[in-house]
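Shown next: work-v5.cif, given as mmCIF, C-alpha atoms.
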```
data_input
#
loop_
_atom_site.label_atom_id
_atom_site.label_comp_id
_atom_site.auth_asym_id
_atom_site.auth_seq_id
_atom_site.Cartn_x
_atom_site.Cartn_y
_atom_site.Cartn_z
CA MET A 1 13.49 -15.60 -18.33
CA VAL A 2 12.83 -12.09 -17.08
CA GLU A 3 9.49 -12.11 -18.90
CA ILE A 4 8.38 -15.31 -17.17
CA ALA A 5 9.38 -13.92 -13.77
CA PHE A 6 7.63 -10.61 -14.48
CA PHE A 7 4.36 -12.13 -15.63
CA ALA A 8 4.32 -14.66 -12.79
CA GLY A 9 4.92 -11.85 -10.30
CA ALA A 10 2.36 -9.60 -11.97
CA ALA A 11 -0.28 -12.34 -11.99
CA GLY A 12 0.30 -13.01 -8.30
CA ALA A 13 0.28 -9.32 -7.40
CA ILE A 14 -2.92 -8.61 -9.35
CA GLY A 15 -4.60 -11.73 -7.98
CA GLY A 16 -3.68 -10.76 -4.44
CA ALA A 17 -4.94 -7.20 -4.98
CA LEU A 18 -8.26 -8.42 -6.39
CA ALA A 19 -8.63 -10.85 -3.50
CA VAL A 20 -8.11 -7.99 -1.02
CA VAL A 21 -11.00 -6.09 -2.57
CA LEU A 22 -13.36 -8.99 -3.27
CA LEU A 23 -13.08 -11.23 -0.19
CA LYS A 24 -15.84 -10.55 2.32
CA ASN A 25 -13.95 -11.44 5.49
CA PRO A 26 -11.37 -8.76 6.49
CA PHE A 27 -9.12 -11.46 7.92
CA TYR A 28 -8.79 -13.13 4.53
CA SER A 29 -8.24 -9.73 2.92
CA VAL A 30 -5.21 -9.21 5.17
CA LEU A 31 -3.80 -12.59 4.17
CA ALA A 32 -4.41 -11.78 0.50
CA LEU A 33 -2.45 -8.55 0.94
CA VAL A 34 0.48 -10.56 2.32
CA VAL A 35 0.41 -12.68 -0.88
CA HIS A 36 0.27 -9.49 -2.96
CA LEU A 37 3.24 -7.95 -1.15
CA VAL A 38 5.39 -11.07 -1.50
CA PHE A 39 4.80 -11.19 -5.27
CA LEU A 40 5.41 -7.44 -5.51
CA ALA A 41 8.76 -7.93 -3.74
CA GLY A 42 9.67 -10.35 -6.53
CA ILE A 43 8.97 -7.62 -9.08
CA PHE A 44 11.11 -5.22 -7.04
CA LEU A 45 13.95 -7.71 -7.48
CA LEU A 46 13.55 -7.53 -11.26
CA LEU A 47 13.99 -3.75 -10.96
CA ARG A 48 17.24 -4.36 -9.06
CA ALA A 49 15.96 -3.08 -5.73
CA GLN A 50 17.26 -5.93 -3.58
CA PHE A 51 17.22 -3.99 -0.33
CA LEU A 52 13.67 -2.74 -0.83
CA ALA A 53 12.44 -6.22 -1.77
CA ALA A 54 13.85 -7.52 1.51
CA ALA A 55 12.48 -4.54 3.46
CA GLN A 56 9.09 -5.05 1.83
CA ILE A 57 8.91 -8.64 3.04
CA VAL A 58 10.38 -8.07 6.49
CA VAL A 59 8.69 -4.78 7.38
CA TYR A 60 5.48 -4.86 5.34
CA ALA A 61 4.52 -8.50 4.88
CA GLY A 62 5.99 -9.28 8.28
CA ALA A 63 5.56 -6.55 10.87
CA VAL A 64 2.80 -4.35 9.47
CA MET A 65 0.61 -7.28 8.48
CA VAL A 66 0.93 -8.73 11.99
CA ILE A 67 -0.71 -5.53 13.31
CA TYR A 68 -3.47 -5.96 10.74
CA VAL A 69 -4.00 -9.59 11.72
CA PHE A 70 -4.22 -8.62 15.39
CA VAL A 71 -6.72 -5.82 14.74
CA ALA A 72 -8.80 -7.97 12.37
CA ALA A 73 -8.89 -10.69 15.03
CA TYR A 74 -9.67 -8.20 17.82
CA VAL A 75 -12.44 -6.47 15.92
CA GLY A 76 -13.74 -9.81 14.69
CA GLY A 77 -15.26 -10.89 11.42
CA ILE A 78 -17.80 -8.12 11.20
CA GLU A 79 -20.37 -8.67 8.52
CA GLU A 80 -20.27 -5.83 6.10
CA PRO A 81 -23.80 -4.42 5.90
CA ALA A 82 -25.57 -5.08 2.64
CA PHE A 83 -25.46 -2.32 0.08
CA ASP A 84 -28.63 -0.31 0.70
CA GLY A 85 -28.42 2.26 -2.09
CA HIS A 86 -29.88 1.94 -5.53
CA PRO A 87 -28.58 -1.25 -7.19
CA ARG A 88 -27.46 0.69 -10.22
CA LEU A 89 -25.06 2.74 -8.04
CA ARG A 90 -23.13 -0.46 -7.35
CA ILE A 91 -21.41 -0.45 -10.71
CA PHE A 92 -19.96 3.03 -10.28
CA GLY A 93 -16.98 1.95 -8.15
CA PRO A 94 -15.63 -0.54 -10.72
CA ILE A 95 -16.33 1.93 -13.53
CA VAL A 96 -14.34 4.67 -11.81
CA ALA A 97 -11.50 2.21 -11.13
CA ALA A 98 -11.41 1.09 -14.78
CA ALA A 99 -11.47 4.71 -15.96
CA LEU A 100 -8.61 5.54 -13.60
CA PHE A 101 -6.55 2.62 -14.95
CA ILE A 102 -7.17 3.63 -18.58
CA GLU A 103 -6.37 7.25 -17.84
CA ILE A 104 -3.09 6.51 -16.05
CA SER A 105 -2.09 4.04 -18.78
CA ILE A 106 -2.72 6.63 -21.48
CA ALA A 107 -0.79 9.22 -19.50
CA VAL A 108 2.15 6.81 -19.12
CA ALA A 109 2.14 5.57 -22.72
CA GLY A 110 1.65 9.08 -24.10
CA SER A 111 4.40 10.65 -22.06
CA ALA A 112 7.42 11.74 -24.06
CA LEU A 113 9.89 9.98 -21.74
CA VAL A 114 12.55 8.45 -23.96
CA GLY A 115 13.55 5.75 -21.52
CA ILE A 116 10.07 4.36 -21.09
CA GLY A 117 10.27 1.81 -23.90
CA THR A 118 13.71 0.58 -22.86
CA GLU A 119 14.87 -1.69 -20.10
CA GLY A 120 16.79 1.14 -18.48
CA PRO A 121 20.52 1.67 -18.73
CA GLN A 122 22.58 -1.54 -18.60
CA ASP A 123 25.77 0.09 -17.29
CA ILE A 124 24.48 0.87 -13.81
CA PRO A 125 26.93 0.13 -10.98
CA ASP A 126 26.96 -3.34 -9.46
CA ASP A 127 25.88 -2.06 -6.06
CA PHE A 128 22.70 -0.49 -7.43
CA GLY A 129 19.96 -1.12 -4.88
CA THR A 130 22.10 -3.03 -2.40
CA PRO A 131 21.74 -2.23 1.32
CA ALA A 132 25.20 -0.62 1.26
CA ALA A 133 24.31 1.78 -1.56
CA VAL A 134 20.89 2.70 -0.14
CA GLY A 135 22.35 3.13 3.34
CA ARG A 136 25.09 5.39 2.05
CA MET A 137 22.55 7.58 0.26
CA LEU A 138 20.30 7.63 3.31
CA LEU A 139 23.03 8.89 5.62
CA ASP A 140 24.61 11.13 3.01
CA ASP A 141 22.26 12.95 0.65
CA PHE A 142 19.01 12.25 2.47
CA LEU A 143 20.00 12.64 6.10
CA ILE A 144 17.25 15.17 6.85
CA ALA A 145 14.57 12.92 5.35
CA PHE A 146 15.97 10.03 7.39
CA GLU A 147 15.80 11.99 10.64
CA ALA A 148 12.34 13.33 9.80
CA ALA A 149 11.16 9.75 9.18
CA SER A 150 12.40 8.70 12.61
CA ILE A 151 10.49 11.57 14.26
CA LEU A 152 7.40 10.70 12.22
CA LEU A 153 7.54 7.08 13.41
CA LEU A 154 7.84 8.23 17.01
CA LEU A 155 4.85 10.55 16.61
CA ALA A 156 2.80 7.76 15.04
CA ALA A 157 3.64 5.42 17.91
CA VAL A 158 2.55 8.06 20.45
CA ALA A 159 -0.62 8.74 18.44
CA ALA A 160 -1.52 5.05 18.40
CA ILE A 161 -1.12 4.80 22.16
CA VAL A 162 -3.29 7.91 22.67
CA LEU A 163 -5.98 6.72 20.24
CA ALA A 164 -6.25 3.07 21.18
CA GLY A 165 -4.96 3.07 24.74
CA ARG A 166 -7.20 2.36 27.71
CA ARG A 167 -8.69 5.45 29.25
CA GLY A 168 -9.88 3.83 32.47
CA SER A 169 -13.25 5.26 33.44
CA GLN A 170 -14.02 6.64 30.01
CA THR A 171 -14.19 3.23 28.36
CA GLN A 172 -16.37 1.82 31.14
CA GLU A 173 -18.93 4.54 30.61
CA GLY A 174 -19.31 3.22 27.12
CA THR A 175 -19.18 6.67 25.59
CA MET B 1 11.10 -6.15 -20.04
CA SER B 2 10.59 -2.53 -20.93
CA ILE B 3 9.82 -0.11 -18.13
CA GLU B 4 6.38 0.53 -19.61
CA TRP B 5 5.14 -2.87 -18.43
CA TYR B 6 6.05 -2.09 -14.85
CA LEU B 7 4.30 1.27 -15.03
CA VAL B 8 1.12 -0.26 -16.48
CA LEU B 9 1.19 -2.88 -13.72
CA ALA B 10 1.53 -0.08 -11.15
CA ALA B 11 -1.43 1.74 -12.75
CA LEU B 12 -3.54 -1.41 -12.61
CA LEU B 13 -2.71 -2.07 -8.96
CA PHE B 14 -3.44 1.57 -8.11
CA ALA B 15 -6.82 1.37 -9.88
CA ILE B 16 -7.72 -1.84 -8.04
CA GLY B 17 -6.89 -0.15 -4.74
CA ALA B 18 -8.90 2.95 -5.62
CA GLY B 19 -11.87 0.80 -6.68
CA GLY B 20 -11.65 -1.09 -3.40
CA ILE B 21 -11.81 2.13 -1.41
CA LEU B 22 -14.94 3.14 -3.35
CA VAL B 23 -16.67 -0.24 -3.01
CA ARG B 24 -15.82 -1.44 0.50
CA ARG B 25 -17.11 0.10 3.72
CA ASN B 26 -15.20 -1.72 6.43
CA PRO B 27 -12.43 0.68 7.63
CA VAL B 28 -9.90 -2.16 8.00
CA VAL B 29 -10.37 -3.16 4.36
CA ILE B 30 -10.22 0.48 3.28
CA LEU B 31 -6.82 0.75 5.00
CA LEU B 32 -5.74 -2.42 3.16
CA CYS B 33 -6.75 -0.83 -0.14
CA LEU B 34 -4.74 2.27 0.79
CA GLU B 35 -1.76 -0.05 1.23
CA LEU B 36 -2.40 -1.37 -2.27
CA MET B 37 -2.32 2.15 -3.68
CA LEU B 38 0.85 3.05 -1.76
CA SER B 39 2.67 -0.07 -2.93
CA ALA B 40 1.59 0.66 -6.51
CA GLY B 41 3.11 4.12 -6.15
CA ALA B 42 6.29 2.55 -4.77
CA LEU B 43 6.46 0.26 -7.80
CA ALA B 44 6.13 3.25 -10.14
CA ILE B 45 8.91 5.15 -8.34
CA LEU B 46 11.17 2.09 -8.50
CA SER B 47 10.47 1.70 -12.23
CA PHE B 48 11.45 5.31 -12.88
CA SER B 49 14.51 4.86 -10.67
CA ARG B 50 15.57 1.87 -12.80
CA MET B 51 14.77 3.79 -16.00
CA LEU B 52 17.11 6.61 -15.01
CA GLY B 53 19.72 4.32 -13.46
CA ASP B 54 19.59 6.57 -10.41
CA GLY B 55 19.30 5.13 -6.92
CA ASP B 56 17.63 8.16 -5.35
CA GLY B 57 14.18 6.73 -6.06
CA GLN B 58 14.92 3.80 -3.78
CA VAL B 59 15.36 6.15 -0.84
CA PHE B 60 12.02 7.72 -1.76
CA VAL B 61 10.38 4.30 -1.61
CA LEU B 62 11.95 3.64 1.77
CA ILE B 63 10.40 6.88 3.06
CA VAL B 64 7.06 5.86 1.52
CA LEU B 65 7.36 2.61 3.50
CA VAL B 66 7.84 4.64 6.69
CA VAL B 67 4.84 6.86 5.91
CA ALA B 68 2.74 3.77 5.17
CA ALA B 69 3.71 2.27 8.52
CA CYS B 70 2.68 5.50 10.29
CA GLU B 71 -0.61 5.59 8.42
CA VAL B 72 -1.34 1.99 9.40
CA VAL B 73 -0.60 2.64 13.05
CA VAL B 74 -2.84 5.72 13.26
CA GLY B 75 -5.60 4.18 11.12
CA LEU B 76 -5.75 0.96 13.09
CA GLY B 77 -5.63 2.99 16.31
CA LEU B 78 -8.77 4.77 15.08
CA VAL B 79 -10.43 1.44 14.23
CA VAL B 80 -9.70 0.08 17.71
CA ALA B 81 -11.00 3.31 19.30
CA MET B 82 -14.19 3.06 17.21
CA PHE B 83 -14.65 -0.56 18.24
CA ARG B 84 -14.15 0.28 21.94
CA ARG B 85 -16.77 3.03 21.82
CA ARG B 86 -19.29 0.73 20.11
CA ILE B 87 -19.30 2.88 16.99
CA PRO B 88 -20.30 0.64 14.08
CA LEU B 89 -17.33 -0.20 11.86
CA ASP B 90 -18.92 1.18 8.72
CA VAL B 91 -17.57 4.34 7.15
CA ASP B 92 -21.07 5.31 6.00
CA GLU B 93 -22.28 5.41 9.61
CA THR B 94 -19.62 7.75 10.98
CA THR B 95 -21.03 11.06 9.80
CA GLU B 96 -20.48 13.34 12.81
CA LEU B 97 -17.97 15.51 10.96
CA ARG B 98 -20.25 15.92 7.96
CA GLY B 99 -21.20 19.56 7.58
#
```

Write the structure described by the file as structure tokens, please.
Amino acid sequence: MVEIAFFAGAAGAIGGALAVVLLKNPFYSVLALVVHLVFLAGIFLLLRAQFLAAAQIVVYAGAVMVIYVFVAAYVGGIEEPAFDGHPRLRIFGPIVAAALFIEISIAVAGSALVGIGTEGPQDIPDDFGTPAAVGRMLLDDFLIAFEAASILLLLAAVAAIVLAGRRGSQTQEGT
Amino acid sequence: MSIEWYLVLAALLFAIGAGGILVRRNPVVILLCLELMLSAGALAILSFSRMLGDGDGQVFVLIVLVVAACEVVVGLGLVVAMFRRRIPLDVDETTELRG
């Protein structure tokens, strides 16, 4: 049962990821990423990260992707210029990606971690990954990281307003 | 399912994202590929968290989510600023900072 769920989720996540890279229109790429994130949230559930699966769908597939959709719609379906380098250079991107995958896989499989071939301990507490457990850790052991994250979000919001906000005369000059 | 499968899946998703960054030239799609790589990293952290039976990794992933949101906001702000200033949305064209 777990195997079926894993391979279904993996197929969806990989398909979504490939669609993000291969689709020409950025708008469709955004929608493909939403599909990818939903399937990935299913895999998070198999790893007993209920809270993060929910956060992934609500925050990522919901809120963040809405920003992407707005920007893709605002910028418009810009045609990506044709590749003007030597045709043989085209294959280097996929080759580097494949090499990276093989290298990471070898590094993972060759690592001496004893738990890597197992399903993880079965005697973990029932509240592993629930909002209550994550929230307790966040406000207990990781309070500084939590506060730093809030400041980081505020800074990012200010930065976005400064970068993309109207600057009156400056934009009309068309600089 | 052994943890290895999850880690190999994370490696594959990371490689797809990295390949996308190398191949595509539209900054919006490059940001999407960055998202792919970040979510692959999140999957790897969650797998290790499950392997150790330790919930700390889940807090890490939550912070990664926050960082990803910040990166999106700043990156898309840059894209909108480029669009407003009629700079072509092609990362090969924006070479002013090249030495």

Subject >> range 143-148 of chain A surroundings by all atoms listed in the file, 10 Å radius, close-in-sequence under 5 positions cut, as a PyMOL selection string >> reply: (chain A and resi 136-138+153-154) or (chain B and resi 59-60+62-63+66)

Could you write those residues out with C-alpha atoms, as an mmCIF file, in the coordinates of the input?
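Output below, filename again.cif:
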```cif
data_model
loop_
_atom_site.group_PDB
_atom_site.id
_atom_site.type_symbol
_atom_site.label_atom_id
_atom_site.label_comp_id
_atom_site.auth_asym_id
_atom_site.auth_seq_id
_atom_site.Cartn_x
_atom_site.Cartn_y
_atom_site.Cartn_z
ATOM 1 C CA ARG A 136 25.090 5.390 2.050
ATOM 2 C CA MET A 137 22.550 7.580 0.260
ATOM 3 C CA LEU A 138 20.300 7.630 3.310
ATOM 4 C CA LEU A 153 7.540 7.080 13.410
ATOM 5 C CA LEU A 154 7.840 8.230 17.010
ATOM 6 C CA VAL B 59 15.360 6.150 -0.840
ATOM 7 C CA PHE B 60 12.020 7.720 -1.760
ATOM 8 C CA LEU B 62 11.950 3.640 1.770
ATOM 9 C CA ILE B 63 10.400 6.880 3.060
ATOM 10 C CA VAL B 66 7.840 4.640 6.690
#
```

Using all atoms listed in the file, find each residue in chain B having at least one atom no more than 7 Å away from chain A; report its shortest atom-to-atom pair and that distance in Å (one decimal), rows by chain then rising number, as a Markdown table.
```
| residue | atom | partner | partner_atom | distance |
| --- | --- | --- | --- | --- |
| B:Met1 | CA | A:Glu119 | CA | 5.8 |
| B:Ser2 | CA | A:Glu119 | CA | 4.4 |
| B:Ile3 | CA | A:Ile116 | CA | 5.4 |
| B:Glu4 | CA | A:Ile116 | CA | 5.5 |
| B:Val8 | CA | A:Ser105 | CA | 5.8 |
| B:Ala11 | CA | A:Phe101 | CA | 5.6 |
| B:Leu12 | CA | A:Phe101 | CA | 5.5 |
| B:Leu13 | CA | A:Ile14 | CA | 6.6 |
| B:Ala15 | CA | A:Ala97 | CA | 4.9 |
| B:Ile16 | CA | A:Ala97 | CA | 6.3 |
| B:Ala18 | CA | A:Ala97 | CA | 6.1 |
| B:Gly19 | CA | A:Ala97 | CA | 4.7 |
| B:Gly20 | CA | A:Val21 | CA | 5.1 |
| B:Leu22 | CA | A:Gly93 | CA | 5.3 |
| B:Val23 | CA | A:Gly93 | CA | 5.6 |
| B:Asn26 | CA | A:Glu80 | CA | 6.5 |
| B:Val28 | CA | A:Pro26 | CA | 6.9 |
| B:Val29 | CA | A:Pro26 | CA | 6.1 |
| B:Leu36 | CA | A:Ala17 | CA | 6.9 |
| B:Leu46 | CA | A:Leu47 | CA | 6.9 |
| B:Ser47 | CA | A:Leu47 | CA | 6.6 |
| B:Arg50 | CA | A:Gly120 | CA | 5.9 |
| B:Met51 | CA | A:Gly120 | CA | 4.2 |
| B:Leu52 | CA | A:Gly120 | CA | 6.5 |
| B:Gly53 | CA | A:Ile124 | CA | 5.9 |
| B:Gly55 | CA | A:Phe128 | CA | 6.6 |
| B:Val59 | CA | A:Val134 | CA | 6.6 |
| B:Ile63 | CA | A:Ala149 | CA | 6.8 |
| B:Val66 | CA | A:Ala149 | CA | 6.6 |
| B:Ala69 | CA | A:Val64 | CA | 6.7 |
| B:Cys70 | CA | A:Ala156 | CA | 5.3 |
| B:Val73 | CA | A:Ala160 | CA | 5.9 |
| B:Val74 | CA | A:Ala160 | CA | 5.3 |
| B:Gly77 | CA | A:Ala164 | CA | 4.9 |
| B:Leu78 | CA | A:Leu163 | CA | 6.2 |
| B:Val80 | CA | A:Ala164 | CA | 5.7 |
| B:Ala81 | CA | A:Ala164 | CA | 5.1 |
| B:Phe83 | CA | A:Val75 | CA | 6.7 |
| B:Arg85 | CA | A:Thr175 | CA | 5.8 |
```

Original post:
Which distance in Å separates CA of Val69 in chain A and CA of Val61 in chain B, to one decimal?
Top reply: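 Taking CA of Val69 in chain A and CA of Val61 in chain B, their separation equals 24.0 Å.
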
Original post:
Of the candidates A:Pro131, A:Gly12, A:Pro87, A:Gly110, which shows the shortest atom-to-atom distance to Ala53 in chain A, using all atoms listed in the file?
Top reply: A:Pro131

**OP:** Between A:Ala8, A:Ala61, A:Val66, A:Ala19, single out the one closest to Ser39 in chain B, counting all atoms listed in the file.
**Re:** A:Ala61

Subject >> Top pick for closest residue to Tyr28 in chain A, considering B:Ala10, B:Ile21, B:Leu32, B:Phe48 and counting only C-alpha atoms >> reply: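 Ranked by minimum distance to Tyr28 in chain A, first place goes to B:Leu32.
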
**OP:** Quote the spacing between CA of Thr95 in chain B and CA of Val67 in chain B in Å to one decimal place.
**Re:** 26.5 Å

Original post:
What does the distance between CA of Leu34 in chain B and CA of Leu76 in chain B come to in Å, to one decimal place?
Top reply: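 Distance reported for this atom pair: 12.4 Å.
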
Output range 81-108 of chain A from the block with N, CA and C atoms, as a CSV table (one decimal), in the first residue's frame?
```
chain,number,residue,atom,x,y,z
A,81,PRO,N,13.6,33.5,-26.5
A,81,PRO,CA,14.4,33.6,-27.7
A,81,PRO,C,15.0,32.2,-28.1
A,82,ALA,N,15.1,32.0,-29.4
A,82,ALA,CA,15.7,30.7,-29.8
A,82,ALA,C,17.2,30.6,-29.4
A,83,PHE,N,17.6,29.4,-29.1
A,83,PHE,CA,19.0,29.2,-28.7
A,83,PHE,C,19.9,29.5,-29.8
A,84,ASP,N,20.8,30.5,-29.6
A,84,ASP,CA,21.6,31.0,-30.7
A,84,ASP,C,23.1,30.6,-30.6
A,85,GLY,N,23.4,29.7,-29.6
A,85,GLY,CA,24.8,29.2,-29.6
A,85,GLY,C,24.9,28.0,-30.5
A,86,HIS,N,26.0,27.4,-30.4
A,86,HIS,CA,26.3,26.2,-31.2
A,86,HIS,C,25.3,25.1,-30.8
A,87,PRO,N,24.7,24.4,-31.8
A,87,PRO,CA,23.7,23.4,-31.5
A,87,PRO,C,24.2,22.3,-30.6
A,88,ARG,N,25.5,22.0,-30.7
A,88,ARG,CA,26.1,21.0,-29.8
A,88,ARG,C,26.1,21.4,-28.4
A,89,LEU,N,26.1,22.7,-28.1
A,89,LEU,CA,26.1,23.1,-26.7
A,89,LEU,C,24.8,22.8,-26.0
A,90,ARG,N,23.7,22.6,-26.8
A,90,ARG,CA,22.4,22.4,-26.2
A,90,ARG,C,22.4,21.2,-25.3
A,91,ILE,N,23.1,20.2,-25.6
A,91,ILE,CA,23.0,18.9,-24.8
A,91,ILE,C,23.7,19.0,-23.5
A,92,PHE,N,24.5,20.1,-23.3
A,92,PHE,CA,25.3,20.1,-22.0
A,92,PHE,C,24.4,20.2,-20.8
A,93,GLY,N,23.4,21.0,-20.8
A,93,GLY,CA,22.5,21.1,-19.7
A,93,GLY,C,22.0,19.8,-19.2
A,94,PRO,N,21.3,19.0,-20.1
A,94,PRO,CA,20.8,17.7,-19.6
A,94,PRO,C,21.9,16.8,-19.2
A,95,ILE,N,23.1,16.9,-19.8
A,95,ILE,CA,24.2,16.0,-19.4
A,95,ILE,C,24.6,16.4,-18.0
A,96,VAL,N,24.8,17.7,-17.7
A,96,VAL,CA,25.2,18.1,-16.4
A,96,VAL,C,24.1,17.6,-15.3
A,97,ALA,N,22.8,17.8,-15.7
A,97,ALA,CA,21.8,17.3,-14.8
A,97,ALA,C,21.9,15.8,-14.5
A,98,ALA,N,22.1,15.0,-15.6
A,98,ALA,CA,22.1,13.6,-15.4
A,98,ALA,C,23.3,13.2,-14.5
A,99,ALA,N,24.5,13.9,-14.8
A,99,ALA,CA,25.7,13.6,-14.0
A,99,ALA,C,25.4,14.0,-12.5
A,100,LEU,N,24.7,15.1,-12.3
A,100,LEU,CA,24.5,15.5,-10.9
A,100,LEU,C,23.6,14.5,-10.2
A,101,PHE,N,22.6,13.9,-10.9
A,101,PHE,CA,21.7,12.9,-10.3
A,101,PHE,C,22.5,11.7,-10.0
A,102,ILE,N,23.4,11.2,-10.9
A,102,ILE,CA,24.1,10.0,-10.7
A,102,ILE,C,25.1,10.2,-9.5
A,103,GLU,N,25.7,11.4,-9.5
A,103,GLU,CA,26.7,11.7,-8.4
A,103,GLU,C,26.0,11.7,-7.0
A,104,ILE,N,24.8,12.4,-6.9
A,104,ILE,CA,24.1,12.4,-5.6
A,104,ILE,C,23.7,11.0,-5.2
A,105,SER,N,23.2,10.3,-6.2
A,105,SER,CA,22.7,8.9,-5.9
A,105,SER,C,23.8,8.0,-5.4
A,106,ILE,N,25.0,8.1,-6.0
A,106,ILE,CA,26.1,7.3,-5.6
A,106,ILE,C,26.5,7.8,-4.2
A,107,ALA,N,26.5,9.1,-3.9
A,107,ALA,CA,26.9,9.6,-2.6
A,107,ALA,C,25.9,9.1,-1.6
A,108,VAL,N,24.6,9.1,-1.9
A,108,VAL,CA,23.6,8.6,-0.9
A,108,VAL,C,23.7,7.1,-0.7
```
